[in-house]
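Participant: To start, I am sharing the structure in question, which I have written as structure tokens.
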Number of protein chains: 2
Amino acid sequence: MAVKITWLIWITILVSCELYVEADITYISARIPLQGQRWPPGSPWPLPLQWRHSPLLLTINPSNFPMVTDLESCDVIDKALHRYRGLLFQNPNVTEDKNLPVLPKLRVHISSRVCGLYPKQDTDEQYELDIHSENGVTVTAREVWGALRGLETFSQLVYTSNNVYRVNDTRIRDWPRFNYRGLLVDTARHYIRVPVILTVLEAMSYNKLNVFHWHIVDDQSFPYVSKKFPELSNKGAYSPHHVYTQADVAKVIEFARLRGIRVIPEFDTPGHTQSWGKAYPELLTPCWVDNQPFRDLYGLEGHARSENMDPTKNQTFEFMRDFFSEIIEVFKDEYIDLGMDEAHYYCWQSSPNISQFMADRGYEPDEYYKLEEYYDTKVINIVRSLGAKVFIYQDPIEHGAKVDKNTIVRVWKGKGQWQDYAYTITDLGYNVTITSCYYLNYISYGEDWRKYYLCDPQQFNGTQKQKDRILGGEASIWTEYVDETNLLSRLWPRGSAVAERLWSDADVNDTDSAAFRLDEHRCRMRRRGIPAQPVLPGNCGDLDLKPVADVIMTTPCKTSSAKTSTTSVCVWLIGFLMYAVF
Amino acid sequence: MAVKITWLIWITILVSCELYVEADITYISARIPLQGQRWPPGSPWPLPLQWRHSPLLLTINPSNFPMVTDLESCDVIDKALHRYRGLLFQNPNVTEDKNLPVLPKLRVHISSRVCGLYPKQDTDEQYELDIHSENGVTVTAREVWGALRGLETFSQLVYTSNNVYRVNDTRIRDWPRFNYRGLLVDTARHYIRVPVILTVLEAMSYNKLNVFHWHIVDDQSFPYVSKKFPELSNKGAYSPHHVYTQADVAKVIEFARLRGIRVIPEFDTPGHTQSWGKAYPELLTPCWVDNQPFRDLYGLEGHARSENMDPTKNQTFEFMRDFFSEIIEVFKDEYIDLGMDEAHYYCWQSSPNISQFMADRGYEPDEYYKLEEYYDTKVINIVRSLGAKVFIYQDPIEHGAKVDKNTIVRVWKGKGQWQDYAYTITDLGYNVTITSCYYLNYISYGEDWRKYYLCDPQQFNGTQKQKDRILGGEASIWTEYVDETNLLSRLWPRGSAVAERLWSDADVNDTDSAAFRLDEHRCRMRRRGIPAQPVLPGNCGDLDLKPVADVIMTTPCKTSSAKTSTTSVCVWLIGFLMYAVF
């Protein structure tokens with residue numbers, strides 16, 4: 001079972017006013033003062049399960065702080081050490097505190113001696129972090145993925161105060177409550193450029209989220225460039241340039257892997273397939289009106305009248321077999337998401353071919369759910385036979401379909417009333433992830449992070465066995481009204497609330513107390529270049545005086561520098577932007 | 001009266017599919033197809049009052065398109081011509097269409113022959129725009145401010161298609177429905193850097209908004225650097241660097257002036273003054289608890305227990321006279337906003353000094369509204385005597401205060417029920433602006449721009465005389481949960497909905513029909529570097545493939561280039577950002 005039983009939580013917090021007054025980041029100002037606990041600077045998010053925090057202050061000399069590992073030639077660790085050195089020592093003006101003991105080094109110890117290739121559903125992310133004046137910093141983990149989490153925590157514990165580094169003598173034992181801590185990004189309703197996806201992954205690692213659920217195609221567009229079926233994106237993408245090439249996909253997967261993040265692609269059928277039909281109309285059951293097929297009701301009447309995949313033809317399933325054999329090879333995760341939500345029956349109901357097919361199979365005329373089950377189980381079995389494991393949305397199960405019990409079911413409906421679905425579907429014996437209460441696109445005024453924070457995926461009336469079938473949850477950002485202009489600020493720190501809910505202990509559920517730490521975390525993300533939006537009135541210190549170091553901006557310089565000189569590109573960029581201002 | 005009676009609206013629209021299929025920007029894709037009118041490319045926002053649009057297509061040769069004026073040495077026009085040349089010809093790869101008549105030139109004619117210094121409440125923004133194959137483009141206006149609006153409209157009418165410029169033979173007669181079309185930005189709850197404020201002003205000009213209501217200070221912080229009272233910001237700002245210097249203020253005013261935008265500063269008293277008390281605690285009436293003054297209830301219990309200015313002391317009013325005499329000199333508009341909202345009585349009620357003062361003046365013990373009126377009328381009279389005109393919020397009038405009838409009253413309460421306030425306050429004879437239904441910070445999921453669009457400031461049960469007292473309205477963005485990370489995407493294009501409501505005819509109120517044009521406008525803003533968020537699923541063509549050209553990013557290169565070489569700064573910037581990605 002994915003859920004571990006939580007040990008005694010043993011957190012000793014030193015709340016010293018002097019400490020956070022001194023920190024470079026000053027938090028909430030007047031007007032709506034925080035009601036909850038004020039945390040010391042460098043308080044980590046998500047909160048570790050066991051955190052012993054001594055008042056003894058230590059410091060770091062950035063020019064003499066070896067960061068080493070005893071696991072040789074492991075790219076995951078080597079690159080992480082390089083990355084975290086950068087995150088720790090962003091500001092060249094900050095040095096060691098001459099009055100404090102200096103930490104001699106940081107050492108990462110991997111007890112399994114194995115450099116993992118890809119993180120998986122049963123990956124062990126547990127780690128131990130010890131910060132001690134003589135021994136220095138020790139990050140110990142069984143797997144490299146745990147060490148990544150430990151490095152992240154260490155990077156958060158270190159803070160700057162009057163241009164010196166400080167960190168408390170600390171001992172942490174930490175592991176996630178849930179193994180599945182995801183984030184869905186929809187790249188079909190609006191195209192999201194690869195550098196922005198990489199920024200999302202970067203921010204996920206700052207929040208210890210570990211699954212990037214890539215809702216890559218949908219009705220609106222098909223940006224995935226298939227090797228076997230390139231016409232899908234040639235005709236189905238917003239343009240031949242609004243696409244993810246094989247190189248793009250590989251880049252995303254590798255970037256994620258190095259941060260201990262799985263990439264699970266979703267190719268949603270039999271509904272949500274309008275864009276597939278641009279290149280392959282024969283895949284879809286045409287809508288019929290007045291005894292005529294191919295009446296594009298969809299385009300006229302929207303959502304509820306969408307065409308579905310045509311389950312009456314063998315060619316549909318042959319196509320699926322070919323297509324998914326490619327997907328399984330390209331995306332490295334053991335799981336593929338097959339979607340299977342919102343298969344509206346309107347076009348099926350309009351089609352005489354479908355009626356005939358159903359009669360031939362002995363279905364009653366209104367038993368479209370059986371037709372859905374027929375399609376779903378066939379496609380699930382195809383993908384299973386190709387060697388992949390499968391995620392689906394709750395819809396087929398809700399409609400009574402019986403599918404392979406190894407299928408993981410995403411509960412996405414119900415917002416505040418998702419608990420009934422969680423009960424029913426776990427009762428049927430399926431493993432489940434919850435996303436109903438984590439829709440980040442449903443933005444509202446104010447501190448709406450609190451409602452995400454308070455949604456506990458195991459808080460439903462079920463047996464312990466049922467609750468153990470909850471593998472975790474995922475934040476979702478559907479992009480009807482989101483693109484690069486507002487994606488990152490809408491994701492963070494609202495998604496951070498979900499991240500702590502899924503990592504930290506269930507008892508860590510006081511939003512007043514979390515607010516202070518979340519505010520520090522959002523400023524920390526801003527310092528790292530993520531344009532995370534405010535939690536409350538206040539400021540992020542000197543960060544407010546500089547532009548949001550938005551990674552979105554890197555591409556022109558980066559991409560073009562391969563072709564022309566960095567200087568000329570930047571002169572152009574500066575010229576253009578200065579022009580735009582004046 | 002500010003409201004002009006609208007003539008016959010005469011719009012001939014050529015809706016040719018061929019036209020917008022060819023345009024470089026492709027609009028909404030599948031899933032939620034637009035129900036309303038599909039407009040031709042280059043449809044302006046806000047919609048002009050009279051727009052005759054012929055099917056005859058013309059083109060422009062960017063290297064031979066003189067843009068001239070017969071008004072010599074007028075910086076407003078000269079700089080506007082330079083600016084709009086840049087906006088028109090952003091892409092060096094776009095040229096004239098060899099198959100179309102070429103427009104010979106653009107000429108701006110100012111019939112008053114006067115180069116305006118600052119736009120005012122009674123400024124005439126009317127303009128005529130003629131686009132004709134032989135005569136070229138003529139923008140005619142009585143005042144320069146009208147010419148700015150005409151140039152903006154022209155820049156929107158021109159579109160690119162297959163890398164050539166196109167524009168239809170067009171005749172426009174246009175003027176605003178309301179003279180007061182504002183945008184409030186709160187720079188106290190979060191500090192907003194000057195380059196970002198300039199970007200806001202730039203975007204305002206793209207939407208023909210003409211008043212920047214600068215809510216510059218509040219409880220949380222006092223970023224305005226006063227010449228006479230520098231301690232106000234030294235102690236009251238978030239930090240000594242989170243400030244607007246005199247040079248900053250002058251820069252904002254000049255940038256706004258060149259775009260025909262007034263800058264009205266708000267210094268809100270007697271409530272919302274916590275930050276004033278950091279340097280000058282004697283200005284505020286201390287809260288009393290258990291017969292002790294100076295109990296900082298505010299910091300403990302928030303909002304409703306804020307301290308107010310102390311009306312019992314002459315020094316308070318002397319300070320106000322000194323302070324506002326500076327403000328009137330520094331900010332060039334004829335109006336100053338004195339706020340006067342939310343003067344919660346809690347601390348006044350707790351104070352024996354206040355009770356004594358009220359008794360001495362013959363007020364009943366619970367007549368705090370009289371104390372409020374006493375303070376308000378005194379400060380209004382001081383500011384009037386210094387030569388300025390005054391805006392206030394509705395609160396004093398609501399509480400029964402009688403103030404100078406030249407005071408303009410902002411109706412801000414009531415959201416959906418603001419109409420009663422509009423009725424009452426116009427019935428008392430005050431001129432009014434409406435903001436209740438234009439709070440852009442109250443974000444919600446989906447197409448919430450429609451509710452702003454549908455709020456007509458004259459739609460209440462009043463006489464024509466009362467309705468004529470509505471001078472306009474303003475969009476507001478309060479920054480409790482907004483800073484540089486989300487300000488611009490939250491402002492646009494939701495603020496554009498307010499802009500069209502305040503400029504265009506009252507009958508232009510079909511949101512389905514507006515959606516298509518608004519979507520084009522949001523892509524247009526993105527092309528100009530404003531990170532305007534999506535209106536609907538879809539894409540902005542090639543714009544989606546480039547980073548949001550966010551003006552936010554200009555500062556480091558721009559500011560630093562004065563000190564070091566552009567190259568080295570950019571190499572640093574690129575290095576930092578590349579580092580952040582990898």
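Ligands are numbered from 1 in the order shown, residues from 1 within each chain, and chains are lettered A, B, ... in the order they appear in the structure tokens.
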What lies within 10 Å of A:Val139 using only C-alpha atoms, ignoring chain neighbours under 5 positions off, as a list in words?

Facilitator: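 Answer for this query is Thr69, Leu106, Arg107, Val108, His109, Ile110, Tyr127, Glu128, Leu129, Asp130, Ile131, Gly146, Ala147, Leu148, Arg149, Gly150, Leu151, Thr153, Phe154 and Ile172 of chain A.
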
Participant: Would you export the selected residues with N, CA, C and O atoms as a PDB file, in the first residue's frame, please?

Facilitator:
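result.pdb, written as the output of this step:
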ATOM      1  N   THR A  69      29.147  13.334  -3.013  1.00  0.00           N
ATOM      2  CA  THR A  69      28.379  12.110  -2.807  1.00  0.00           C
ATOM      3  C   THR A  69      29.323  10.924  -2.906  1.00  0.00           C
ATOM      4  O   THR A  69      30.356  11.005  -3.586  1.00  0.00           O
ATOM      5  N   LEU A 106      28.787  19.281   2.556  1.00  0.00           N
ATOM      6  CA  LEU A 106      27.543  18.528   2.442  1.00  0.00           C
ATOM      7  C   LEU A 106      27.863  17.211   1.756  1.00  0.00           C
ATOM      8  O   LEU A 106      28.568  17.176   0.755  1.00  0.00           O
ATOM      9  N   ARG A 107      27.301  16.131   2.307  1.00  0.00           N
ATOM     10  CA  ARG A 107      27.577  14.816   1.761  1.00  0.00           C
ATOM     11  C   ARG A 107      26.254  14.095   1.535  1.00  0.00           C
ATOM     12  O   ARG A 107      25.383  14.086   2.413  1.00  0.00           O
ATOM     13  N   VAL A 108      26.100  13.520   0.349  1.00  0.00           N
ATOM     14  CA  VAL A 108      24.905  12.738   0.036  1.00  0.00           C
ATOM     15  C   VAL A 108      25.277  11.263   0.054  1.00  0.00           C
ATOM     16  O   VAL A 108      26.198  10.846  -0.663  1.00  0.00           O
ATOM     17  N   HIS A 109      24.565  10.511   0.856  1.00  0.00           N
ATOM     18  CA  HIS A 109      24.837   9.079   0.953  1.00  0.00           C
ATOM     19  C   HIS A 109      23.605   8.305   0.483  1.00  0.00           C
ATOM     20  O   HIS A 109      22.503   8.487   1.021  1.00  0.00           O
ATOM     21  N   ILE A 110      23.779   7.450  -0.537  1.00  0.00           N
ATOM     22  CA  ILE A 110      22.680   6.630  -1.060  1.00  0.00           C
ATOM     23  C   ILE A 110      22.904   5.192  -0.597  1.00  0.00           C
ATOM     24  O   ILE A 110      23.836   4.523  -1.074  1.00  0.00           O
ATOM     25  N   TYR A 127      14.057  10.319   3.333  1.00  0.00           N
ATOM     26  CA  TYR A 127      15.437  10.793   3.499  1.00  0.00           C
ATOM     27  C   TYR A 127      15.671  11.231   4.943  1.00  0.00           C
ATOM     28  O   TYR A 127      14.725  11.467   5.696  1.00  0.00           O
ATOM     29  N   GLU A 128      16.940  11.304   5.282  1.00  0.00           N
ATOM     30  CA  GLU A 128      17.339  11.880   6.564  1.00  0.00           C
ATOM     31  C   GLU A 128      18.271  13.046   6.280  1.00  0.00           C
ATOM     32  O   GLU A 128      19.112  12.974   5.381  1.00  0.00           O
ATOM     33  N   LEU A 129      18.087  14.093   7.040  1.00  0.00           N
ATOM     34  CA  LEU A 129      18.925  15.280   6.843  1.00  0.00           C
ATOM     35  C   LEU A 129      19.466  15.709   8.204  1.00  0.00           C
ATOM     36  O   LEU A 129      18.691  16.002   9.120  1.00  0.00           O
ATOM     37  N   ASP A 130      20.785  15.710   8.303  1.00  0.00           N
ATOM     38  CA  ASP A 130      21.409  16.143   9.553  1.00  0.00           C
ATOM     39  C   ASP A 130      22.325  17.319   9.272  1.00  0.00           C
ATOM     40  O   ASP A 130      23.151  17.273   8.366  1.00  0.00           O
ATOM     41  N   ILE A 131      22.146  18.360  10.073  1.00  0.00           N
ATOM     42  CA  ILE A 131      22.986  19.551   9.932  1.00  0.00           C
ATOM     43  C   ILE A 131      23.673  19.749  11.273  1.00  0.00           C
ATOM     44  O   ILE A 131      23.010  20.008  12.287  1.00  0.00           O
ATOM     45  N   GLY A 146      14.922  10.052  -2.937  1.00  0.00           N
ATOM     46  CA  GLY A 146      14.836  10.574  -1.579  1.00  0.00           C
ATOM     47  C   GLY A 146      15.885  11.652  -1.336  1.00  0.00           C
ATOM     48  O   GLY A 146      15.625  12.676  -0.690  1.00  0.00           O
ATOM     49  N   ALA A 147      17.084  11.428  -1.884  1.00  0.00           N
ATOM     50  CA  ALA A 147      18.154  12.415  -1.703  1.00  0.00           C
ATOM     51  C   ALA A 147      17.775  13.750  -2.338  1.00  0.00           C
ATOM     52  O   ALA A 147      18.080  14.821  -1.795  1.00  0.00           O
ATOM     53  N   LEU A 148      17.093  13.691  -3.492  1.00  0.00           N
ATOM     54  CA  LEU A 148      16.635  14.944  -4.117  1.00  0.00           C
ATOM     55  C   LEU A 148      15.729  15.719  -3.172  1.00  0.00           C
ATOM     56  O   LEU A 148      15.825  16.941  -3.043  1.00  0.00           O
ATOM     57  N   ARG A 149      14.835  14.992  -2.505  1.00  0.00           N
ATOM     58  CA  ARG A 149      13.919  15.668  -1.568  1.00  0.00           C
ATOM     59  C   ARG A 149      14.704  16.265  -0.402  1.00  0.00           C
ATOM     60  O   ARG A 149      14.385  17.357   0.082  1.00  0.00           O
ATOM     61  N   GLY A 150      15.708  15.546   0.039  1.00  0.00           N
ATOM     62  CA  GLY A 150      16.516  16.043   1.154  1.00  0.00           C
ATOM     63  C   GLY A 150      17.300  17.289   0.775  1.00  0.00           C
ATOM     64  O   GLY A 150      17.417  18.232   1.568  1.00  0.00           O
ATOM     65  N   LEU A 151      17.825  17.300  -0.451  1.00  0.00           N
ATOM     66  CA  LEU A 151      18.553  18.489  -0.897  1.00  0.00           C
ATOM     67  C   LEU A 151      17.624  19.695  -0.991  1.00  0.00           C
ATOM     68  O   LEU A 151      17.996  20.822  -0.635  1.00  0.00           O
ATOM     69  N   THR A 153      14.951  20.206   0.813  1.00  0.00           N
ATOM     70  CA  THR A 153      14.691  20.674   2.178  1.00  0.00           C
ATOM     71  C   THR A 153      15.873  21.479   2.705  1.00  0.00           C
ATOM     72  O   THR A 153      15.703  22.567   3.273  1.00  0.00           O
ATOM     73  N   PHE A 154      17.086  20.954   2.486  1.00  0.00           N
ATOM     74  CA  PHE A 154      18.262  21.693   2.971  1.00  0.00           C
ATOM     75  C   PHE A 154      18.316  23.088   2.353  1.00  0.00           C
ATOM     76  O   PHE A 154      18.559  24.084   3.039  1.00  0.00           O
ATOM     77  N   ILE A 172      16.340  16.034  10.558  1.00  0.00           N
ATOM     78  CA  ILE A 172      15.046  15.779   9.907  1.00  0.00           C
ATOM     79  C   ILE A 172      14.954  14.324   9.459  1.00  0.00           C
ATOM     80  O   ILE A 172      15.914  13.770   8.912  1.00  0.00           O
TER      81      ILE A 172
END

Participant: Based on DSSP run over this structure's backbone, return all residues of stretch 361-534 of chain B in strand (DSSP E), as a list in words.

Facilitator: Lys389, Val390, Phe391, Ile392, Tyr393, Ile408, Val409, Arg410, Val411, Asn431, Val432, Thr433, Ile434, Ile470, Leu471, Gly472, Gly473, Glu474, Ala475, Ser476 and Ile477 of chain B

Participant: So that I can see what lies close to B:Gly116, please list as a PyMOL selection string the residues with an atom at most 8 Å from it, counting only C-alpha atoms and leaving out residues fewer than 5 positions away in the same chain.

Facilitator: chain B and resi 76+143-145

Participant: Got time to write the residues from that selection, N, CA, C and O atoms, as a PDB file, in the first residue's frame?

Facilitator:
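Just written: out.pdb:
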ATOM      1  N   VAL B  76       3.315  66.037 -27.622  1.00  0.00           N
ATOM      2  CA  VAL B  76       2.301  64.982 -27.496  1.00  0.00           C
ATOM      3  C   VAL B  76       2.094  64.288 -28.844  1.00  0.00           C
ATOM      4  O   VAL B  76       2.069  63.057 -28.929  1.00  0.00           O
ATOM      5  N   GLU B 143      -8.707  68.647 -30.224  1.00  0.00           N
ATOM      6  CA  GLU B 143      -7.591  68.687 -29.276  1.00  0.00           C
ATOM      7  C   GLU B 143      -6.617  67.540 -29.568  1.00  0.00           C
ATOM      8  O   GLU B 143      -6.999  66.527 -30.156  1.00  0.00           O
ATOM      9  N   VAL B 144      -5.416  67.703 -29.119  1.00  0.00           N
ATOM     10  CA  VAL B 144      -4.422  66.639 -29.325  1.00  0.00           C
ATOM     11  C   VAL B 144      -4.865  65.315 -28.701  1.00  0.00           C
ATOM     12  O   VAL B 144      -4.535  64.243 -29.205  1.00  0.00           O
ATOM     13  N   TRP B 145      -5.642  65.406 -27.615  1.00  0.00           N
ATOM     14  CA  TRP B 145      -6.051  64.190 -26.909  1.00  0.00           C
ATOM     15  C   TRP B 145      -6.966  63.336 -27.794  1.00  0.00           C
ATOM     16  O   TRP B 145      -6.912  62.113 -27.760  1.00  0.00           O
TER      17      TRP B 145
END

Participant: With only C-alpha atoms as the counted atoms, please give the residues lying no more than 7 Å from B:Pro534, apart from itself and same-chain residues fewer than 5 positions off, as a PDB file with N, CA and C atoms, in the first residue's frame.

Facilitator:
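The resulting file, result-v2.pdb, is reproduced below:
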ATOM      1  N   TYR A 481      -8.804  29.159 -19.843  1.00  0.00           N
ATOM      2  CA  TYR A 481      -8.575  30.593 -19.633  1.00  0.00           C
ATOM      3  C   TYR A 481      -7.151  30.859 -19.127  1.00  0.00           C
ATOM      4  N   VAL A 482      -6.270  29.940 -19.450  1.00  0.00           N
ATOM      5  CA  VAL A 482      -4.902  30.033 -18.935  1.00  0.00           C
ATOM      6  C   VAL A 482      -3.929  29.809 -20.084  1.00  0.00           C
ATOM      7  N   ASP A 483      -2.949  30.660 -20.187  1.00  0.00           N
ATOM      8  CA  ASP A 483      -1.822  30.382 -21.065  1.00  0.00           C
ATOM      9  C   ASP A 483      -0.577  30.931 -20.381  1.00  0.00           C
TER      10      ASP A 483
END

Participant: Just to confirm, what's the straight-line distance from atom CA of B:Trp492 to atom CA of B:Arg522 in Å (one decimal)?

Facilitator: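 Spanning atom CA of B:Trp492 to atom CA of B:Arg522 is a straight-line distance of 7.4 Å.
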